[in-house]
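What follows is a short report on a single structure.
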Amino acid sequence: MEIKSIQGIPGANVYSYRPVIRAVVDLQEWKERTSDTLGDFNNRLLECLPTLAEHYCSRGKPGGFVERLKEGTLVGHIIEHVTIELLTLAGQNIPYGKTLSLPEKPGHYEIIFNYDSLEGGIEGFYQGYALVEDLLQGEEPDVTKSLEAIKNEIKKHSLGTSTKAIIEAAGKRDIPVIRLNDSSLLQLGYGRNQRRVQAAMSDRTSCIGVDIACDKSLTKKLLHEGGVPVPFGYLVSTEEEAVARFRDLAQPVVIKPYNGNQGKGVTLKLQNEKEVRSAFRVAQTYGEDVLIEEYIEGKNYRLLVVNGTMVAGSERIPAHVVGDGQSNIQDLVHKINLDPERGDDHEKPLSKIKIDPVVLMTLKQKELTLSYIPKEEEIVYLRDSANLSTGGTSIDVTKEVHPDNKALAEYAARIVGLDIAGVDLVIEDIQKSYMEQDGAVIEVNAAPGLRMHQSPSQGESLDVGEMIVDYVMPSGNGRIPIVSITGTNGKTTTTRMINKMLLDQNLLVGMSSTDGIYVGGKLLVKGDTTGPESAQIVLRHPDVQVAVLETARGGILRAGLGYDYADVAVITNIANDHLGQYGIESLEDIAHVKSLIAEVVRPHSYVILNGDDPMVSSIASKTKGKVIFFSVEKDNLTIRKHLALGGVAIFARRGNILLCQGDQAHKICAVKDLPITLNGKARHNLQNALSAIAVGWALGLKPENIRTSLGKFTSDSTWNRGRLNSYLIGGVQTFIDYGHNAAGIKAIADTLRKFKPSALVGCITVPGDRPDETIREVARVAAKGFNRLILREDRDLRGRQRGEVANILLEEVIKAGMDPRKISVVLSDREAFCHGLDTCKPGEIFVMFYEHLEPIEEELKLRLKKQEEGVPLTAKMKAL
């Protein structure tokens, strides 16, 4: 067996509305073997993973998968279930899995399953694959080792509890979240409304403030000069200097790394030179410079300040054990660390207690060792610093904080310059003013941990993640309107019309389309940008006010949607194209892919559907959104039924475009007012215009604004480059279009025949990755629609031999009845274009269906320039 590929699809996709992992496996020698023919394989598998007996599989009941094993199921299906079970045992929630054969690649299977952790899910697949492979080879797999590998990968890439709290709070308000790196940098919201947070820092957090907070000596200086009580101390860099300063202070001291955090390397209540030397060496493992300062007697409190207000307070209890009269300290620590609420880092509400030099020194101060057996209920503190990251616990005291102490914390945060700060206060009684007792602010922390407030060991849990989100985004959900357009044909033209309407409203539009990403009408990224990655570029752009996203089938299949849901989803039509790719074998399969954008909308969203296309109109039953149908047919039953139920529809009648809701009708404009329709001759562009008008109405544009915008939308290189662009060259009306499937080519031929040219000449091809029958269908449509044909090929043959596609087209065109003398084969794109221009006569119409637009435009410019200069283009043409 061999793993051919594995990828995560993070958004809604054709398999599941949740993220999935898609792996492709070549089963090779096992491709036709089923579990009932593998000897004792089933028994050995169930011995390794007895919980597989709980899997329902397709039987819909526990034990269903075991039944499938006994009856005989394929190895790919087994890998799927083993992977899901390993991930479940590792703590993940995996509700969906599926195994599919790839018809185009015998023996290859795609295995799809949901994931919580992408990296953990991928590791889970590798481990599941290896476990099945071991069993097939007669080896005994180590399930414990597999689970450990998965858990380690999950832990390595998991978000901390503070970041999770912010994500959960954002989710409650329907604020979209984009994770911008492998750590904790998040974007909340889209486009112009976005904000960024990283752990408990916001995009308003001062860089200077963070630098000050990280400089403990400077922080103390500024606080002291501002009148805030702080412990007196010194910055030292040698052991002898530390001892000298200890003598100067002449009292118990604290030693900690100068730029440390999370309580690492901190030792408190040092009372002799030997302890100072040991503590100094521990602290210096974290950095050359070390702080030595007076020890303040009292309890350790963390006061959280958000946007100038103290919102939460916790008493922090140092790591400790409680004796049972039988276990020594080391064993008690081990038992505590078995608590599922404790993690190795910040991924759980509490951290595991780590036995390090500070713990050993603290015990030594107490004249204890790890082998000491505490009495029953005896508490032994393992360190004096009370950070959760070193195993401490917390008690919520928010309601007990004296107003003076609250004001002190808020003032300290302002002095340092932090909008979100964790102020550490050591004081005997938090309910009394610091002015009435000895106490000091020992630190002011940037990016403070939230878990002590979210999940205190005692007391009330406070949703400080929600408080931070409310501060960062006081109102709204951070969203911008998203319009998503898909369909077989017409996507690009419709996308561009919507873009123009919104630009004309002085909105900064982010548009992704087949020729690039445009922001505010200016090209940002060149190329085919119709996938989820391009959608993300638009949604991450800090200036975009509305997103108009052309959403192609390939991107959906490859990587899902690049957004969570659209406010307006448009499906133009469903036609034969791209069959035989990504497992798409029928029009129903294409419809299934395209319908995704309509299925994931919210009830407030609008879904614009082609009422003239039965396959598209049937999608209305799959969506939660408000459906608007559009139609160019005279008497569409779907439209009539929809209107009878009070629905909205847009259609053309007697030369006018009407918007109807129930029995109310409103004229938008005359068909002839829209240049894109060529005075109504271009039926396909009339459909595109209707869908764009529907979007405009759904977004709240006034009819007069829609009419004005689309009245200036022309099929030229300015607004609709490469789509039915017209040029007059040597008396030959020349059109440039991207039609590459039967429906698209037929639409163009039907449109241009209405101009009644002396001859209609087309230059056609079909991408090489299409099935032979799709190529033949295009040939039959072209033979019927054109008087003469030029057959060419794309530069990218997509797996075909040079001349192969052209030969299939030629054979089918002749078979369809076209005179061979009216057919030319010119394989090169530009040469075929030149051949068409040179052989056409004035009064004829020539259509070039291109692969790459730039060389065609270059040839056009060259010929138009010569035409303007009066230079004969060919012997058959006269310059105008």
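Chain labels run A, B, ... following the order of the structure tokens; each chain numbers its residues from 1, and ligands are numbered from 1 in the order shown.
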- Which neighbours of Gly265 (chain A) fall inside 7 Å, counting only C-alpha atoms, when residues of the same chain fewer than 5 positions from it are skipped, and could you give them as a PyMOL selection string? chain A and resi 256-257+282-283+358
- Using only C-alpha atoms, which residues sit within 12 Å of region 471-478 of chain A once same-chain residues fewer than 2 positions away are excluded, as number ranges by chain? A: 166, 169-178, 187-198, 200-205, 305-309, 311, 419-420, 464-469, 480-481, 539-540, 542, 545-546
- Query: Taking the backbone alone, and naming residues the way the document does, which bits of region 683-830 of chain A are strand (DSSP E) by DSSP, as a list in words?
  - Reply: Asn725, Ser726, Tyr727, Leu728, Ile729, Val732, Gln733, Thr734, Phe735, Ile736, Asp737, Leu760, Val761, Gly762, Cys763, Ile764, Arg788, Leu789, Ile790, Leu791, Ile823, Ser824 and Val825 of chain A
Residue subset to file, keeping N, CA and C atoms, as a PDB file, in the first residue's frame:
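The resulting file, out17.pdb, is reproduced below:
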```
ATOM      1  N   ASN A 725     -16.002  40.059 -26.311  1.00  0.00           N
ATOM      2  CA  ASN A 725     -15.464  41.354 -26.729  1.00  0.00           C
ATOM      3  C   ASN A 725     -15.449  41.424 -28.249  1.00  0.00           C
ATOM      4  N   SER A 726     -15.835  42.575 -28.781  1.00  0.00           N
ATOM      5  CA  SER A 726     -16.018  42.720 -30.228  1.00  0.00           C
ATOM      6  C   SER A 726     -15.011  43.701 -30.825  1.00  0.00           C
ATOM      7  N   TYR A 727     -14.459  43.343 -31.992  1.00  0.00           N
ATOM      8  CA  TYR A 727     -13.527  44.191 -32.735  1.00  0.00           C
ATOM      9  C   TYR A 727     -13.851  44.096 -34.219  1.00  0.00           C
ATOM     10  N   LEU A 728     -13.729  45.202 -34.951  1.00  0.00           N
ATOM     11  CA  LEU A 728     -13.919  45.189 -36.403  1.00  0.00           C
ATOM     12  C   LEU A 728     -12.555  45.242 -37.056  1.00  0.00           C
ATOM     13  N   ILE A 729     -12.181  44.175 -37.719  1.00  0.00           N
ATOM     14  CA  ILE A 729     -10.868  44.090 -38.345  1.00  0.00           C
ATOM     15  C   ILE A 729     -11.048  43.708 -39.810  1.00  0.00           C
ATOM     16  N   VAL A 732     -14.317  42.397 -40.897  1.00  0.00           N
ATOM     17  CA  VAL A 732     -14.756  41.163 -40.229  1.00  0.00           C
ATOM     18  C   VAL A 732     -15.050  41.476 -38.763  1.00  0.00           C
ATOM     19  N   GLN A 733     -16.279  41.234 -38.359  1.00  0.00           N
ATOM     20  CA  GLN A 733     -16.622  41.428 -36.956  1.00  0.00           C
ATOM     21  C   GLN A 733     -16.044  40.265 -36.166  1.00  0.00           C
ATOM     22  N   THR A 734     -15.114  40.590 -35.282  1.00  0.00           N
ATOM     23  CA  THR A 734     -14.362  39.564 -34.553  1.00  0.00           C
ATOM     24  C   THR A 734     -14.748  39.599 -33.081  1.00  0.00           C
ATOM     25  N   PHE A 735     -15.054  38.437 -32.546  1.00  0.00           N
ATOM     26  CA  PHE A 735     -15.421  38.319 -31.137  1.00  0.00           C
ATOM     27  C   PHE A 735     -14.413  37.428 -30.410  1.00  0.00           C
ATOM     28  N   ILE A 736     -14.126  37.812 -29.190  1.00  0.00           N
ATOM     29  CA  ILE A 736     -13.215  37.043 -28.330  1.00  0.00           C
ATOM     30  C   ILE A 736     -14.011  36.563 -27.127  1.00  0.00           C
ATOM     31  N   ASP A 737     -13.938  35.252 -26.849  1.00  0.00           N
ATOM     32  CA  ASP A 737     -14.708  34.709 -25.736  1.00  0.00           C
ATOM     33  C   ASP A 737     -13.981  33.513 -25.137  1.00  0.00           C
ATOM     34  N   LEU A 760     -20.648  32.384 -40.154  1.00  0.00           N
ATOM     35  CA  LEU A 760     -20.195  32.422 -38.769  1.00  0.00           C
ATOM     36  C   LEU A 760     -19.071  31.409 -38.624  1.00  0.00           C
ATOM     37  N   VAL A 761     -17.898  31.910 -38.264  1.00  0.00           N
ATOM     38  CA  VAL A 761     -16.689  31.080 -38.199  1.00  0.00           C
ATOM     39  C   VAL A 761     -16.229  31.009 -36.746  1.00  0.00           C
ATOM     40  N   GLY A 762     -15.958  29.799 -36.284  1.00  0.00           N
ATOM     41  CA  GLY A 762     -15.512  29.629 -34.905  1.00  0.00           C
ATOM     42  C   GLY A 762     -14.181  28.918 -34.813  1.00  0.00           C
ATOM     43  N   CYS A 763     -13.369  29.350 -33.863  1.00  0.00           N
ATOM     44  CA  CYS A 763     -12.095  28.672 -33.569  1.00  0.00           C
ATOM     45  C   CYS A 763     -12.242  28.051 -32.195  1.00  0.00           C
ATOM     46  N   ILE A 764     -12.263  26.716 -32.125  1.00  0.00           N
ATOM     47  CA  ILE A 764     -12.639  26.030 -30.890  1.00  0.00           C
ATOM     48  C   ILE A 764     -11.608  25.004 -30.458  1.00  0.00           C
ATOM     49  N   ARG A 788     -18.130  27.558 -40.588  1.00  0.00           N
ATOM     50  CA  ARG A 788     -16.767  27.045 -40.750  1.00  0.00           C
ATOM     51  C   ARG A 788     -16.124  26.935 -39.370  1.00  0.00           C
ATOM     52  N   LEU A 789     -15.157  26.033 -39.263  1.00  0.00           N
ATOM     53  CA  LEU A 789     -14.490  25.832 -37.977  1.00  0.00           C
ATOM     54  C   LEU A 789     -12.979  25.781 -38.141  1.00  0.00           C
ATOM     55  N   ILE A 790     -12.301  26.315 -37.175  1.00  0.00           N
ATOM     56  CA  ILE A 790     -10.856  26.149 -37.036  1.00  0.00           C
ATOM     57  C   ILE A 790     -10.647  25.406 -35.725  1.00  0.00           C
ATOM     58  N   LEU A 791      -9.981  24.271 -35.810  1.00  0.00           N
ATOM     59  CA  LEU A 791      -9.759  23.437 -34.636  1.00  0.00           C
ATOM     60  C   LEU A 791      -8.336  23.664 -34.123  1.00  0.00           C
ATOM     61  N   ILE A 823     -13.318  22.999 -42.699  1.00  0.00           N
ATOM     62  CA  ILE A 823     -12.646  22.768 -41.416  1.00  0.00           C
ATOM     63  C   ILE A 823     -11.139  22.943 -41.595  1.00  0.00           C
ATOM     64  N   SER A 824     -10.541  23.711 -40.723  1.00  0.00           N
ATOM     65  CA  SER A 824      -9.080  23.851 -40.696  1.00  0.00           C
ATOM     66  C   SER A 824      -8.580  23.390 -39.336  1.00  0.00           C
ATOM     67  N   VAL A 825      -7.397  22.800 -39.329  1.00  0.00           N
ATOM     68  CA  VAL A 825      -6.761  22.399 -38.076  1.00  0.00           C
ATOM     69  C   VAL A 825      -5.469  23.194 -37.936  1.00  0.00           C
TER      70      VAL A 825
END
```
- Item | Nearest residue to Gln326 (chain A) from the set A:Leu102, A:Ile373, A:Ala692, A:Leu235 (distances using only C-alpha atoms) | A:Ile373
- Item | Near-Glu588 (chain A) list (12 Å; only C-alpha atoms; drop same-chain fewer than 4 positions) as a count of residues only | 16
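The nearest approach to Gln437 (chain A) among the residues A:Ile571, A:Leu135, A:Glu851, A:Glu297, with only C-alpha atoms taken into account, belongs to A:Glu297.
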- Query: Within 9 Å of Ile706 (chain A), counting only C-alpha atoms, which residues qualify if same-chain residues fewer than 2 places away don't, as a list in words?
  - Reply: Met501, Ile668, Cys669, Ala692, Ile693, Gly696, Trp697, Leu701, Lys702, Pro703, Glu704, Thr708, Ser709, Leu710 and Gly711 of chain A
Go ahead and save the picked residues with N, CA and C atoms, as a PDB file, in the first residue's frame.
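Written file, out.pdb:
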```pdb
ATOM      1  N   MET A 501     -21.676  47.443  -9.867  1.00  0.00           N
ATOM      2  CA  MET A 501     -22.785  48.054  -9.139  1.00  0.00           C
ATOM      3  C   MET A 501     -22.338  48.559  -7.774  1.00  0.00           C
ATOM      4  N   ILE A 668     -37.505  47.327 -13.494  1.00  0.00           N
ATOM      5  CA  ILE A 668     -36.134  47.759 -13.230  1.00  0.00           C
ATOM      6  C   ILE A 668     -35.622  48.587 -14.400  1.00  0.00           C
ATOM      7  N   CYS A 669     -35.751  48.035 -15.605  1.00  0.00           N
ATOM      8  CA  CYS A 669     -35.293  48.727 -16.801  1.00  0.00           C
ATOM      9  C   CYS A 669     -35.749  47.947 -18.030  1.00  0.00           C
ATOM     10  N   ALA A 692     -27.421  39.361 -11.560  1.00  0.00           N
ATOM     11  CA  ALA A 692     -26.741  40.499 -10.941  1.00  0.00           C
ATOM     12  C   ALA A 692     -27.750  41.490 -10.355  1.00  0.00           C
ATOM     13  N   ILE A 693     -28.838  41.719 -11.096  1.00  0.00           N
ATOM     14  CA  ILE A 693     -29.893  42.613 -10.590  1.00  0.00           C
ATOM     15  C   ILE A 693     -30.475  42.054  -9.297  1.00  0.00           C
ATOM     16  N   GLY A 696     -28.160  42.877  -6.545  1.00  0.00           N
ATOM     17  CA  GLY A 696     -28.278  44.281  -6.181  1.00  0.00           C
ATOM     18  C   GLY A 696     -29.484  44.536  -5.293  1.00  0.00           C
ATOM     19  N   TRP A 697     -30.619  43.943  -5.660  1.00  0.00           N
ATOM     20  CA  TRP A 697     -31.832  44.105  -4.853  1.00  0.00           C
ATOM     21  C   TRP A 697     -31.632  43.495  -3.467  1.00  0.00           C
ATOM     22  N   LEU A 701     -29.762  47.782  -2.967  1.00  0.00           N
ATOM     23  CA  LEU A 701     -29.561  48.861  -3.932  1.00  0.00           C
ATOM     24  C   LEU A 701     -30.900  49.293  -4.514  1.00  0.00           C
ATOM     25  N   LYS A 702     -31.029  50.559  -4.804  1.00  0.00           N
ATOM     26  CA  LYS A 702     -32.253  51.086  -5.398  1.00  0.00           C
ATOM     27  C   LYS A 702     -32.298  50.728  -6.885  1.00  0.00           C
ATOM     28  N   PRO A 703     -33.496  50.514  -7.439  1.00  0.00           N
ATOM     29  CA  PRO A 703     -33.610  50.172  -8.868  1.00  0.00           C
ATOM     30  C   PRO A 703     -32.896  51.161  -9.774  1.00  0.00           C
ATOM     31  N   GLU A 704     -32.973  52.445  -9.464  1.00  0.00           N
ATOM     32  CA  GLU A 704     -32.319  53.434 -10.329  1.00  0.00           C
ATOM     33  C   GLU A 704     -30.803  53.296 -10.290  1.00  0.00           C
ATOM     34  N   THR A 708     -28.639  52.382 -13.579  1.00  0.00           N
ATOM     35  CA  THR A 708     -27.552  53.255 -14.021  1.00  0.00           C
ATOM     36  C   THR A 708     -26.237  52.493 -14.159  1.00  0.00           C
ATOM     37  N   SER A 709     -25.937  51.655 -13.171  1.00  0.00           N
ATOM     38  CA  SER A 709     -24.666  50.910 -13.194  1.00  0.00           C
ATOM     39  C   SER A 709     -24.605  49.941 -14.364  1.00  0.00           C
ATOM     40  N   LEU A 710     -25.635  49.108 -14.497  1.00  0.00           N
ATOM     41  CA  LEU A 710     -25.600  48.095 -15.553  1.00  0.00           C
ATOM     42  C   LEU A 710     -25.835  48.703 -16.920  1.00  0.00           C
ATOM     43  N   GLY A 711     -26.414  49.896 -16.966  1.00  0.00           N
ATOM     44  CA  GLY A 711     -26.571  50.584 -18.246  1.00  0.00           C
ATOM     45  C   GLY A 711     -25.245  51.022 -18.829  1.00  0.00           C
TER      46      GLY A 711
END
```
- Identify, on the basis of only C-alpha atoms, every residue whose closest approach to Glu854 (chain A) does not exceed 12 Å; exclude the query and any residue fewer than 2 positions from it along the same chain; express the result as a PyMOL selection string. chain A and resi 515+527+717+721-722+736+829-830+850-852+856-861
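Residues in contact range of Arg640 (chain A), defined as at most 12 Å between only C-alpha atoms, with sequence neighbours fewer than 4 positions away removed, read Gly611, Phe629, Phe630, Ser631, Glu633, Lys634, Asp635, Asn636, Ala644, Leu645, Gly646, Gly647, Val648, Ala649, Ile650, Phe651, Cys660, Gln661, Gly662 and Asp663 of chain A.
For region 595-677 of chain A, a DSSP pass over the backbone yields helix (DSSP H, G or I) at Leu596, Ile597, Ala598, Glu599, Pro614, Met615, Val616, Ser617, Ser618, Ile619, Ala620, Ser621, Lys622, Leu637, Thr638, Ile639, Arg640, Lys641, His642, Leu643, Ala644, Val671, Lys672, Asp673, Pro675, Ile676 and Thr677 of chain A.
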Any chance you can output those residues with C-alpha atoms as a compact mmCIF listing (two decimals), in the first residue's frame?
```txt
# COMPACT_ATOMS: atom_id res chain seq x y z
CA LEU A 596 -22.64 23.96 -1.32
CA ILE A 597 -22.62 27.77 -1.40
CA ALA A 598 -26.43 27.72 -1.05
CA GLU A 599 -26.50 25.02 1.61
CA PRO A 614 -34.30 22.56 -13.37
CA MET A 615 -31.15 21.31 -11.72
CA VAL A 616 -30.39 24.74 -10.29
CA SER A 617 -33.96 25.53 -9.25
CA SER A 618 -34.15 22.24 -7.32
CA ILE A 619 -31.40 23.56 -5.02
CA ALA A 620 -34.07 25.79 -3.44
CA SER A 621 -35.10 22.83 -1.29
CA LYS A 622 -31.57 22.50 0.15
CA LEU A 637 -43.97 27.31 -13.80
CA THR A 638 -41.28 27.45 -11.10
CA ILE A 639 -41.50 31.23 -11.05
CA ARG A 640 -45.28 31.22 -10.93
CA LYS A 641 -45.35 28.84 -7.96
CA HIS A 642 -42.68 30.82 -6.16
CA LEU A 643 -44.55 34.10 -6.60
CA ALA A 644 -47.79 32.50 -5.50
CA VAL A 671 -33.62 44.92 -21.77
CA LYS A 672 -32.23 47.21 -24.47
CA ASP A 673 -30.93 49.52 -21.72
CA PRO A 675 -25.48 46.86 -23.34
CA ILE A 676 -24.33 43.44 -22.16
CA THR A 677 -27.45 41.84 -23.67
```
- Task: Record the distance separating CA of Ala446 (chain A) and CA of Met361 (chain A), expressed in Å with one decimal.
- Result: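 Pair CA of Ala446 (chain A) / CA of Met361 (chain A) returns 28.6 Å.
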- Message: From the options A:Arg753, A:Arg414, A:Asn13, A:Thr51, which residue's atoms come nearest to Ile556 (chain A), counting only C-alpha atoms?
- Response: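 Looking only at the distances to Ile556 (chain A), the closest residue turns out to be A:Asn13.
Nearest residue to Glu294 (chain A), choosing from A:Val230, A:Ile498, A:Val423, A:Val601 and counting only C-alpha atoms: A:Val230.
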- Query: If you count only C-alpha atoms, which residues fall within 8 Å of Tyr234 (chain A), apart from same-chain ones fewer than 5 positions away, as a PyMOL selection string?
  - Reply: chain A and resi 217+245+291-293
Generate the output file for the selected residues, N, CA, C and O atoms, as a PDB file, in the first residue's frame.
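Wrote part.pdb, looks like this:
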```pdb
ATOM      1  N   SER A 217      12.866  45.755  35.281  1.00  0.00           N
ATOM      2  CA  SER A 217      13.522  46.853  35.980  1.00  0.00           C
ATOM      3  C   SER A 217      12.901  48.191  35.597  1.00  0.00           C
ATOM      4  O   SER A 217      12.617  49.037  36.462  1.00  0.00           O
ATOM      5  N   ARG A 245      24.316  42.553  46.893  1.00  0.00           N
ATOM      6  CA  ARG A 245      23.033  43.263  46.999  1.00  0.00           C
ATOM      7  C   ARG A 245      22.142  42.636  48.088  1.00  0.00           C
ATOM      8  O   ARG A 245      21.375  43.333  48.749  1.00  0.00           O
ATOM      9  N   LEU A 291      17.127  39.880  38.529  1.00  0.00           N
ATOM     10  CA  LEU A 291      16.605  40.831  39.504  1.00  0.00           C
ATOM     11  C   LEU A 291      16.676  40.233  40.905  1.00  0.00           C
ATOM     12  O   LEU A 291      16.285  39.083  41.115  1.00  0.00           O
ATOM     13  N   ILE A 292      17.163  41.021  41.843  1.00  0.00           N
ATOM     14  CA  ILE A 292      17.104  40.652  43.253  1.00  0.00           C
ATOM     15  C   ILE A 292      16.360  41.781  43.968  1.00  0.00           C
ATOM     16  O   ILE A 292      16.698  42.951  43.805  1.00  0.00           O
ATOM     17  N   GLU A 293      15.326  41.431  44.686  1.00  0.00           N
ATOM     18  CA  GLU A 293      14.517  42.467  45.309  1.00  0.00           C
ATOM     19  C   GLU A 293      13.965  41.972  46.639  1.00  0.00           C
ATOM     20  O   GLU A 293      13.947  40.759  46.919  1.00  0.00           O
TER      21      GLU A 293
END
```
- Distance criterion (only C-alpha atoms): nearest to Tyr295 (chain A) out of A:Thr267, A:Ser278, A:Thr530, A:Gln330: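 Of the candidates, the smallest distance to Tyr295 (chain A) is held by A:Thr267.
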- Which of A:Leu368, A:Val266, A:Leu89, A:Val82 sits closest to Pro318 (chain A) [using only C-alpha atoms]: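 So, comparing all the options, the nearest one is A:Val266.
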- Query: In Å, with one decimal, what is the gap from CA of Pro532 (chain A) to CA of Val20 (chain A)?
  - Reply: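 Atom-to-atom, CA of Pro532 (chain A) and CA of Val20 (chain A) are spaced 14.8 Å apart.
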